file my_file_11.txt (compact mmCIF, C-alpha atoms)
# COMPACT_ATOMS: atom_id res chain seq x y z
CA MET A 1 5.47 10.11 -1.13
CA ALA A 2 4.17 11.31 2.23
CA ILE A 3 6.33 13.81 4.11
CA ILE A 4 6.60 13.30 7.89
CA ARG A 5 7.27 16.59 9.60
CA LYS A 6 9.52 16.73 12.68
CA GLY A 7 7.44 16.90 15.87
CA SER A 8 4.26 15.69 14.16
CA THR A 9 2.18 12.78 15.44
CA ALA A 10 3.30 10.70 12.47
CA ALA A 11 6.93 11.45 13.25
CA ARG A 12 6.48 10.41 16.88
CA GLN A 13 4.78 7.20 15.78
CA ALA A 14 7.60 6.44 13.31
CA THR A 15 10.21 7.02 16.02
CA PHE A 16 8.32 4.79 18.44
CA LEU A 17 8.04 2.05 15.79
CA ALA A 18 11.78 2.24 15.03
CA VAL A 19 12.64 1.97 18.73
CA MET A 20 10.34 -1.04 19.17
CA MET A 21 11.81 -2.77 16.12
CA ALA A 22 15.32 -2.21 17.44
CA ALA A 23 14.33 -3.57 20.86
CA GLY A 24 12.78 -6.59 19.19
CA ALA A 25 15.95 -7.25 17.23
CA ILE A 26 18.01 -7.02 20.42
CA ALA A 27 15.66 -9.42 22.19
CA ILE A 28 15.85 -11.89 19.32
CA PHE A 29 19.66 -11.65 19.35
CA ALA A 30 19.75 -12.20 23.11
CA MET A 31 17.50 -15.23 22.81
CA ALA A 32 19.67 -16.69 20.07
CA THR A 33 22.74 -16.12 22.23
CA ARG A 34 21.11 -17.92 25.16
CA LEU A 35 20.20 -20.85 22.95
CA ALA A 36 23.70 -21.03 21.56
CA CYS A 37 25.09 -21.07 25.10
CA ALA A 38 22.48 -23.44 26.53
CA GLY A 39 24.95 -26.30 26.39
CA GLU A 40 27.64 -24.46 28.35
CA GLY A 41 28.96 -25.95 31.55
CA ALA A 42 29.97 -24.17 34.72
CA GLY A 43 32.52 -21.47 34.18
CA GLY A 44 31.33 -20.76 30.65
CA ALA A 45 32.92 -23.82 29.04
CA ALA A 46 31.42 -24.42 25.61
CA ALA A 47 29.88 -27.89 25.43
CA VAL A 48 28.50 -30.20 22.79
CA GLN A 49 25.70 -32.73 22.72
CA GLU A 50 26.91 -36.12 23.97
CA SER A 51 26.65 -38.98 21.51
CA VAL A 52 25.33 -42.39 22.54
CA PRO A 53 27.67 -45.39 22.84
CA LEU A 54 28.68 -46.93 19.54
CA ALA A 55 27.01 -50.16 18.45
CA SER A 56 29.24 -53.21 18.06
CA GLU A 57 29.08 -53.03 14.27
CA GLN A 58 30.39 -49.45 14.42
CA ILE A 59 33.63 -50.50 16.12
CA PRO A 60 36.42 -50.78 13.50
CA GLN A 61 38.12 -54.15 13.15
CA ASN A 62 41.56 -52.87 14.16
CA ILE A 63 40.09 -51.82 17.50
CA LYS A 64 38.25 -55.08 18.04
CA ASP A 65 41.51 -56.89 17.35
CA ALA A 66 43.42 -54.63 19.76
CA VAL A 67 40.99 -55.25 22.61
CA GLY A 68 40.79 -58.98 21.85
CA ALA A 69 44.55 -59.54 21.47
CA SER A 70 45.54 -62.78 23.19
CA ASP A 71 48.71 -61.34 24.75
CA ARG A 72 46.90 -58.71 26.80
CA PRO A 73 47.40 -59.31 30.54
CA ALA A 74 44.52 -60.80 32.48
CA THR A 75 44.61 -57.77 34.80
CA ASP A 76 43.96 -55.53 31.80
CA ARG A 77 41.08 -57.66 30.61
CA SER A 78 39.49 -57.52 34.06
CA LEU A 79 39.26 -53.73 33.69
CA ASP A 80 37.68 -53.72 30.24
CA ALA A 81 34.07 -54.00 31.39
CA GLY A 82 34.38 -50.76 33.34
CA ARG A 83 36.69 -48.88 30.95
CA LYS A 84 35.09 -49.95 27.64
CA PRO A 85 38.31 -49.44 25.64
CA GLU A 86 36.64 -50.24 22.32
CA GLN A 87 34.34 -47.25 22.81
CA MET A 88 37.23 -44.97 23.71
CA LEU A 89 39.51 -45.97 20.82
CA ALA A 90 36.70 -45.81 18.26
CA PHE A 91 35.41 -42.47 19.56
CA PHE A 92 38.88 -40.95 19.25
CA GLY A 93 39.24 -42.41 15.76
CA ILE A 94 42.39 -44.48 16.28
CA GLN A 95 43.35 -46.06 12.94
CA PRO A 96 46.21 -48.22 11.62
CA GLY A 97 49.36 -46.31 10.75
CA MET A 98 48.66 -43.36 13.03
CA LYS A 99 51.24 -41.60 15.19
CA VAL A 100 49.73 -41.15 18.63
CA ALA A 101 50.69 -40.50 22.26
CA ASP A 102 49.49 -41.81 25.61
CA LEU A 103 49.88 -38.95 28.09
CA PHE A 104 50.52 -39.99 31.72
CA ALA A 105 50.41 -43.63 30.69
CA GLY A 106 50.61 -45.07 34.20
CA GLY A 107 51.17 -48.82 33.98
CA GLY A 108 50.53 -48.83 30.24
CA TYR A 109 46.99 -50.21 29.89
CA THR A 110 46.09 -47.65 27.21
CA THR A 111 49.57 -47.72 25.66
CA GLN A 112 49.23 -51.40 24.78
CA LEU A 113 45.79 -50.89 23.27
CA LEU A 114 47.02 -47.98 21.17
CA SER A 115 50.04 -50.02 20.05
CA ARG A 116 47.81 -52.78 18.73
CA ALA A 117 45.28 -50.39 17.20
CA VAL A 118 47.80 -48.37 15.17
CA GLY A 119 49.64 -51.53 14.12
CA PRO A 120 53.24 -52.07 12.98
CA ASN A 121 53.20 -49.04 10.69
CA GLY A 122 52.08 -46.74 13.48
CA THR A 123 53.91 -45.22 16.45
CA VAL A 124 52.92 -44.71 20.08
CA TYR A 125 54.71 -42.28 22.40
CA SER A 126 54.06 -43.58 25.92
CA GLN A 127 54.77 -40.81 28.46
CA ASN A 128 55.04 -40.88 32.22
CA PRO A 129 56.30 -38.11 34.47
CA ILE A 130 59.33 -38.60 36.69
CA PHE A 131 57.59 -40.27 39.61
CA PRO A 132 58.68 -39.78 43.23
CA PRO A 133 59.87 -42.94 45.04
CA GLN A 134 56.43 -43.88 46.39
CA PHE A 135 55.07 -44.19 42.86
CA GLN A 136 58.00 -45.91 41.19
CA ASN A 137 56.04 -49.17 41.03
CA ILE A 138 53.83 -47.55 38.38
CA GLU A 139 56.79 -46.84 36.13
CA GLN A 140 58.24 -50.28 36.78
CA SER A 141 54.97 -51.85 35.60
CA ARG A 142 55.06 -49.81 32.40
CA GLN A 143 58.67 -50.69 31.65
CA LYS A 144 57.96 -54.38 32.22
CA ARG A 145 55.05 -54.18 29.80
CA LEU A 146 57.13 -52.46 27.12
CA LYS A 147 59.50 -55.43 27.00
CA ASN A 148 56.79 -57.29 25.10
CA PRO A 149 58.07 -57.59 21.48
CA ALA A 150 54.55 -56.84 20.24
CA LEU A 151 54.98 -53.29 21.56
CA LYS A 152 58.07 -52.51 19.49
CA ASN A 153 56.22 -49.58 17.91
CA VAL A 154 56.14 -47.83 21.32
CA VAL A 155 58.58 -45.05 22.22
CA SER A 156 59.00 -44.70 25.97
CA VAL A 157 59.06 -41.12 27.31
CA SER A 158 59.98 -40.29 30.91
CA LYS A 159 59.62 -36.56 31.19
CA ALA A 160 57.67 -33.97 33.17
CA SER A 161 54.22 -33.40 31.70
CA ASP A 162 54.80 -29.64 31.47
CA ASP A 163 58.16 -29.95 29.73
CA PRO A 164 58.03 -27.82 26.53
CA GLY A 165 59.61 -30.76 24.68
CA LEU A 166 57.11 -33.18 26.19
CA LEU A 167 56.88 -35.50 23.18
CA PRO A 168 59.90 -36.42 21.02
CA ALA A 169 57.99 -36.01 17.79
CA ALA A 170 58.25 -33.40 15.05
CA PRO A 171 55.87 -30.47 15.60
CA GLY A 172 52.57 -31.02 13.83
CA SER A 173 53.19 -34.73 13.24
CA LEU A 174 50.87 -36.57 15.64
CA ASP A 175 47.37 -37.74 14.76
CA ALA A 176 46.12 -38.08 18.32
CA VAL A 177 47.10 -37.63 21.97
CA VAL A 178 45.08 -39.52 24.57
CA THR A 179 45.03 -39.26 28.36
CA ASN A 180 42.87 -41.85 30.08
CA MET A 181 41.63 -40.94 33.59
CA ASN A 182 44.77 -39.00 34.45
CA TYR A 183 44.09 -35.32 33.73
CA HIS A 184 43.17 -34.92 37.40
CA ASP A 185 46.56 -36.43 38.31
CA GLN A 186 48.28 -33.61 36.48
CA VAL A 187 46.60 -31.30 38.99
CA LEU A 188 47.63 -33.49 41.93
CA PHE A 189 51.23 -33.54 40.69
CA GLY A 190 51.30 -29.75 40.37
CA VAL A 191 51.75 -29.75 36.61
CA ASP A 192 51.54 -26.45 34.73
CA ARG A 193 48.68 -27.54 32.52
CA ASP A 194 48.90 -24.47 30.29
CA LYS A 195 52.39 -25.61 29.29
CA MET A 196 51.28 -29.23 28.98
CA ASN A 197 48.34 -28.44 26.72
CA ALA A 198 50.50 -26.09 24.65
CA ALA A 199 53.00 -28.94 24.14
CA VAL A 200 50.21 -31.26 23.04
CA TYR A 201 48.87 -28.61 20.66
CA LYS A 202 52.34 -28.17 19.17
CA ALA A 203 52.80 -31.92 18.62
CA LEU A 204 49.46 -32.50 16.89
CA LYS A 205 48.85 -31.93 13.20
CA PRO A 206 45.92 -29.71 12.12
CA GLY A 207 42.80 -31.80 12.62
CA GLY A 208 44.61 -33.91 15.21
CA VAL A 209 42.65 -35.22 18.21
CA TYR A 210 43.28 -34.55 21.89
CA GLY A 211 41.17 -37.19 23.65
CA ILE A 212 40.48 -36.94 27.37
CA VAL A 213 38.66 -39.34 29.69
CA ASP A 214 38.35 -38.64 33.40
CA HIS A 215 36.26 -39.20 36.51
CA SER A 216 33.56 -36.55 36.95
CA ALA A 217 33.48 -34.30 39.98
CA LYS A 218 30.33 -32.39 40.84
CA ALA A 219 29.49 -29.68 38.31
CA GLY A 220 30.84 -26.34 39.44
CA SER A 221 33.26 -27.85 41.95
CA GLY A 222 36.32 -26.68 40.02
CA LEU A 223 39.46 -28.26 41.46
CA THR A 224 38.17 -28.76 45.00
CA ASP A 225 37.54 -32.50 44.56
CA VAL A 226 40.77 -33.56 42.82
CA GLY A 227 41.69 -35.30 46.08
CA LEU A 228 38.88 -37.73 45.20
CA HIS A 229 40.70 -38.36 41.89
CA ARG A 230 37.92 -36.51 40.09
CA ILE A 231 37.78 -33.24 38.19
CA ASP A 232 35.03 -30.87 37.12
CA GLU A 233 34.44 -31.41 33.40
CA SER A 234 34.13 -27.68 32.73
CA VAL A 235 37.63 -27.09 34.13
CA VAL A 236 39.10 -29.48 31.59
CA ILE A 237 37.11 -27.93 28.74
CA ASN A 238 38.16 -24.42 29.69
CA GLU A 239 41.83 -25.28 30.09
CA VAL A 240 42.11 -27.23 26.85
CA GLN A 241 40.19 -24.67 24.79
CA LYS A 242 42.43 -21.98 26.25
CA ALA A 243 45.33 -23.74 24.49
CA GLY A 244 43.58 -23.28 21.13
CA PHE A 245 41.70 -26.56 20.81
CA LYS A 246 38.07 -26.83 19.76
CA LEU A 247 35.71 -29.18 21.60
CA ASP A 248 34.50 -31.37 18.77
CA ALA A 249 32.50 -34.18 20.39
CA ALA A 250 31.58 -35.92 23.64
CA SER A 251 30.44 -39.48 24.37
CA SER A 252 28.11 -40.83 27.04
CA ALA A 253 29.63 -44.33 26.82
CA LEU A 254 31.19 -44.07 30.30
CA ARG A 255 28.41 -42.23 32.08
CA HIS A 256 27.07 -43.59 35.38
CA PRO A 257 24.22 -41.30 36.52
CA GLU A 258 23.91 -43.28 39.76
CA ASP A 259 27.36 -42.10 40.87
CA ASP A 260 26.90 -39.30 43.41
CA ARG A 261 30.54 -38.20 42.85
CA THR A 262 31.34 -38.04 46.57
CA TRP A 263 33.69 -41.04 46.84
CA SER A 264 37.29 -41.52 45.77
CA ALA A 265 37.87 -42.86 42.28
CA SER A 266 41.39 -43.99 43.20
CA PRO A 267 41.87 -47.70 42.38
CA ARG A 268 43.15 -48.26 45.90
CA ALA A 269 40.15 -46.62 47.54
CA SER A 270 37.24 -47.47 45.24
CA GLY A 271 37.34 -51.22 45.88
CA ALA A 272 34.36 -53.06 44.41
CA ARG A 273 33.04 -49.79 42.96
CA ARG A 274 36.04 -49.48 40.62
CA GLY A 275 34.85 -48.98 37.07
CA THR A 276 31.50 -47.48 38.08
CA THR A 277 32.43 -43.81 38.36
CA ASP A 278 30.67 -41.31 36.16
CA ARG A 279 33.23 -40.39 33.49
CA PHE A 280 33.27 -37.83 30.71
CA MET A 281 34.88 -38.57 27.36
CA LEU A 282 35.81 -35.50 25.34
CA LYS A 283 37.32 -35.16 21.88
CA PHE A 284 39.13 -31.91 21.14
CA VAL A 285 40.51 -31.03 17.72
CA LYS A 286 43.39 -28.78 16.71
CA PRO A 287 41.97 -26.37 14.08
call {"tool": "encode", "arguments": {"input": "my_file_11.txt", "output": "structure tokens"}}
result
Amino acid sequence: MAIIRKGSTAARQATFLAVMMAAGAIAIFAMATRLACAGEGAGGAAAVQESVPLASEQIPQNIKDAVGASDRPATDRSLDAGRKPEQMLAFFGIQPGMKVADLFAGGGYTTQLLSRAVGPNGTVYSQNPIFPPQFQNIEQSRQKRLKNPALKNVVSVSKASDDPGLLPAAPGSLDAVVTNMNYHDQVLFGVDRDKMNAAVYKALKPGGVYGIVDHSAKAGSGLTDVGLHRIDESVVINEVQKAGFKLDAASSALRHPEDDRTWSASPRASGARRGTTDRFMLKFVKP
């Protein structure tokens, strides 16, 4: 065995080689870190690769039946082309017998679809906040809808979205919680979203899905464009992951690259462009 004496040329060469190897290892680690973070959005929100829209044969029959139910209002059906409810329900994995919730249900479009999709052995908690007088027509529309005997598996909830007891279900009992194009409204209504997301986390069982669809604001815009009824996708990812959820999947089914994200997505303001906003669809899972 050769002996390398301190201060010798061989010793200096060995030291130099060790330093270079260490630097190489650090560089490789840094590169791997950059690759792992390459899919991150603004603000450091971990992202996933978006999946393509599901083919018709991939849509489960319970969901096809829910969307095609003959008792759905004509106004709901007129929105289907833009909202693609079969894609949403299938992506979030809504199955017969599930216990689910529709967060900020509005007039109940998604509530009725969920009711049909989970079937008579399932349960849907349909939640709206306590609306101020100018928005009472929204709640009136939902209550009128819930009088339909076919929706007898729906439990109506009128409670603030950041109430710790948001959903009247046993902790860890829900299979999925969905909010369809209304996360930005929680911002507009001044909801404490940390409390809201914590309540959702508490209600879901391990492996349960928190499904969120919303209108895209420009990347990096944060909350500055919520007045356009849009929200930066990375804000939603960061807030929901902060509550303990893991971003599991994303779908491109509602993407509209032609949308420049500068106009209001409000149904009252969008007019003929309603249904053509660029929307993200995210599936979070409770570990």
call {"tool": "atom_distance", "arguments": {"input": "my_file_11.txt", "atom1": "atom CA of Ala253 of chain A", "atom2": "atom CA of Val52 of chain A"}}
result
6.4 Å
call {"tool": "closest_atom_pairs", "arguments": {"input": "my_file_11.txt", "of": "segment 156-234 of chain A", "to": "segment 125-138 of chain A", "cutoff": "9 Å", "atoms": "all atoms listed in the file", "output": "Markdown table"}}
result
| residue | atom | partner | partner_atom | distance |
| --- | --- | --- | --- | --- |
| A:Ser156 | CA | A:Ser126 | CA | 5.1 |
| A:Val157 | CA | A:Gln127 | CA | 4.5 |
| A:Ser158 | CA | A:Asn128 | CA | 5.1 |
| A:Lys159 | CA | A:Pro129 | CA | 4.9 |
| A:Ala160 | CA | A:Pro129 | CA | 4.6 |
| A:Ser161 | CA | A:Pro129 | CA | 5.8 |
| A:Leu166 | CA | A:Gln127 | CA | 8.3 |
| A:Leu167 | CA | A:Tyr125 | CA | 7.2 |
| A:Pro168 | CA | A:Tyr125 | CA | 7.9 |
| A:Ala169 | CA | A:Tyr125 | CA | 8.4 |
| A:Val177 | CA | A:Tyr125 | CA | 8.9 |
call {"tool": "write_last_selection", "arguments": {"input": "my_file_11.txt", "atoms": "C-alpha atoms", "output": "PDB file, keeping the file's coordinate frame"}}
result
ATOM      1  CA  SER A 156      59.000 -44.700  25.970  1.00  0.00           C
ATOM      2  CA  VAL A 157      59.060 -41.120  27.310  1.00  0.00           C
ATOM      3  CA  SER A 158      59.980 -40.290  30.910  1.00  0.00           C
ATOM      4  CA  LYS A 159      59.620 -36.560  31.190  1.00  0.00           C
ATOM      5  CA  ALA A 160      57.670 -33.970  33.170  1.00  0.00           C
ATOM      6  CA  SER A 161      54.220 -33.400  31.700  1.00  0.00           C
ATOM      7  CA  LEU A 166      57.110 -33.180  26.190  1.00  0.00           C
ATOM      8  CA  LEU A 167      56.880 -35.500  23.180  1.00  0.00           C
ATOM      9  CA  PRO A 168      59.900 -36.420  21.020  1.00  0.00           C
ATOM     10  CA  ALA A 169      57.990 -36.010  17.790  1.00  0.00           C
ATOM     11  CA  VAL A 177      47.100 -37.630  21.970  1.00  0.00           C
TER      12      VAL A 177
END
call {"tool": "residues_around", "arguments": {"input": "my_file_11.txt", "residues": "Asp259 of chain A", "least_positions_apart": "3", "cutoff": "7 Å", "atoms": "only C-alpha atoms", "output": "list in words"}}
result
His256, Thr277 and Asp278 of chain A
call {"tool": "residues_around", "arguments": {"input": "my_file_11.txt", "residues": "Ala55 of chain A", "least_positions_apart": "5", "cutoff": "12 Å", "atoms": "only C-alpha atoms", "output": "number ranges by chain"}}
result
A: 60, 86-87, 90-91, 253
call {"tool": "atom_distance", "arguments": {"input": "my_file_11.txt", "atom1": "atom CA of His215 of chain A", "atom2": "atom CA of Asn197 of chain A"}}
result
18.9 Å
call {"tool": "residues_near_point", "arguments": {"input": "my_file_11.txt", "point": "(48.8, -39.3, 32.1)", "cutoff": "9 Å", "atoms": "all atoms listed in the file", "output": "list of chain:residue names"}}
result
A:Asp102, A:Leu103, A:Phe104, A:Ala105, A:Gly106, A:Gln127, A:Asn128, A:Pro129, A:Ser161, A:Val178, A:Thr179, A:Asn180, A:Met181, A:Asn182, A:Tyr183, A:His184, A:Asp185, A:Gln186
call {"tool": "closest_residue", "arguments": {"input": "my_file_11.txt", "among": "A:Ala269, A:Leu89, A:Ala176, A:Val67", "to": "Leu54 of chain A", "atoms": "only C-alpha atoms"}}
result
A:Leu89
call {"tool": "closest_residue", "arguments": {"input": "my_file_11.txt", "among": "A:Met281, A:Leu188, A:Met88, A:Ala74", "to": "Ile59 of chain A", "atoms": "only C-alpha atoms"}}
result
A:Met88
call {"tool": "atom_distance", "arguments": {"input": "my_file_11.txt", "atom1": "atom CA of Pro164 of chain A", "atom2": "atom CA of Lys195 of chain A"}}
result
6.7 Å
call {"tool": "residues_around", "arguments": {"input": "my_file_11.txt", "residues": "Ser51 of chain A", "least_positions_apart": "5", "cutoff": "12 Å", "atoms": "all atoms listed in the file", "output": "number ranges by chain"}}
result
A: 87, 91, 248-255, 280-283
call {"tool": "write_last_selection", "arguments": {"input": "my_file_11.txt", "atoms": "C-alpha atoms", "output": "short mmCIF file (atom, residue, chain, number, x, y, z; two decimals), keeping the file's coordinate frame"}}
result
data_model
loop_
_atom_site.label_atom_id
_atom_site.label_comp_id
_atom_site.auth_asym_id
_atom_site.auth_seq_id
_atom_site.Cartn_x
_atom_site.Cartn_y
_atom_site.Cartn_z
CA GLN A 87 34.34 -47.25 22.81
CA PHE A 91 35.41 -42.47 19.56
CA ASP A 248 34.50 -31.37 18.77
CA ALA A 249 32.50 -34.18 20.39
CA ALA A 250 31.58 -35.92 23.64
CA SER A 251 30.44 -39.48 24.37
CA SER A 252 28.11 -40.83 27.04
CA ALA A 253 29.63 -44.33 26.82
CA LEU A 254 31.19 -44.07 30.30
CA ARG A 255 28.41 -42.23 32.08
CA PHE A 280 33.27 -37.83 30.71
CA MET A 281 34.88 -38.57 27.36
CA LEU A 282 35.81 -35.50 25.34
CA LYS A 283 37.32 -35.16 21.88
#
call {"tool": "closest_residue", "arguments": {"input": "my_file_11.txt", "among": "A:Val235, A:Val124, A:Ala272, A:Met98", "to": "Val154 of chain A", "atoms": "only C-alpha atoms"}}
result
A:Val124
call {"tool": "decode", "arguments": {"input": "my_file_11.txt", "residues": "segment 157-170 of chain A", "atoms": "N, CA and C atoms", "output": "tab-separated table (two decimals), in the first residue's frame"}}
result
chain	number	residue	atom	x	y	z
A	157	VAL	N	-76.58	22.52	4.37
A	157	VAL	CA	-75.76	23.17	5.40
A	157	VAL	C	-75.69	24.65	5.09
A	158	SER	N	-76.13	25.48	6.02
A	158	SER	CA	-76.03	26.93	5.88
A	158	SER	C	-75.15	27.42	7.03
A	159	LYS	N	-73.89	27.61	6.72
A	159	LYS	CA	-72.91	27.90	7.77
A	159	LYS	C	-71.71	28.59	7.14
A	160	ALA	N	-71.06	29.46	7.89
A	160	ALA	CA	-69.87	30.14	7.39
A	160	ALA	C	-68.81	29.13	6.98
A	161	SER	N	-68.12	29.42	5.88
A	161	SER	CA	-67.15	28.47	5.35
A	161	SER	C	-65.95	28.26	6.26
A	162	ASP	N	-65.69	29.21	7.17
A	162	ASP	CA	-64.56	29.04	8.09
A	162	ASP	C	-65.01	28.63	9.49
A	163	ASP	N	-66.24	28.16	9.60
A	163	ASP	CA	-66.73	27.62	10.87
A	163	ASP	C	-65.98	26.32	11.16
A	164	PRO	N	-65.41	26.16	12.36
A	164	PRO	CA	-64.69	24.91	12.68
A	164	PRO	C	-65.55	23.67	12.51
A	165	GLY	N	-66.87	23.81	12.74
A	165	GLY	CA	-67.79	22.69	12.53
A	165	GLY	C	-68.49	22.80	11.19
A	166	LEU	N	-67.73	23.15	10.17
A	166	LEU	CA	-68.27	23.44	8.84
A	166	LEU	C	-69.23	22.37	8.33
A	167	LEU	N	-68.84	21.11	8.43
A	167	LEU	CA	-69.65	20.02	7.88
A	167	LEU	C	-70.15	19.11	9.00
A	168	PRO	N	-71.46	18.86	9.05
A	168	PRO	CA	-72.05	18.04	10.12
A	168	PRO	C	-71.85	16.55	9.88
A	169	ALA	N	-70.60	16.18	9.76
A	169	ALA	CA	-70.25	14.78	9.53
A	169	ALA	C	-69.18	14.39	10.54
A	170	ALA	N	-69.13	13.11	10.88
A	170	ALA	CA	-68.13	12.64	11.84
A	170	ALA	C	-66.73	12.88	11.27
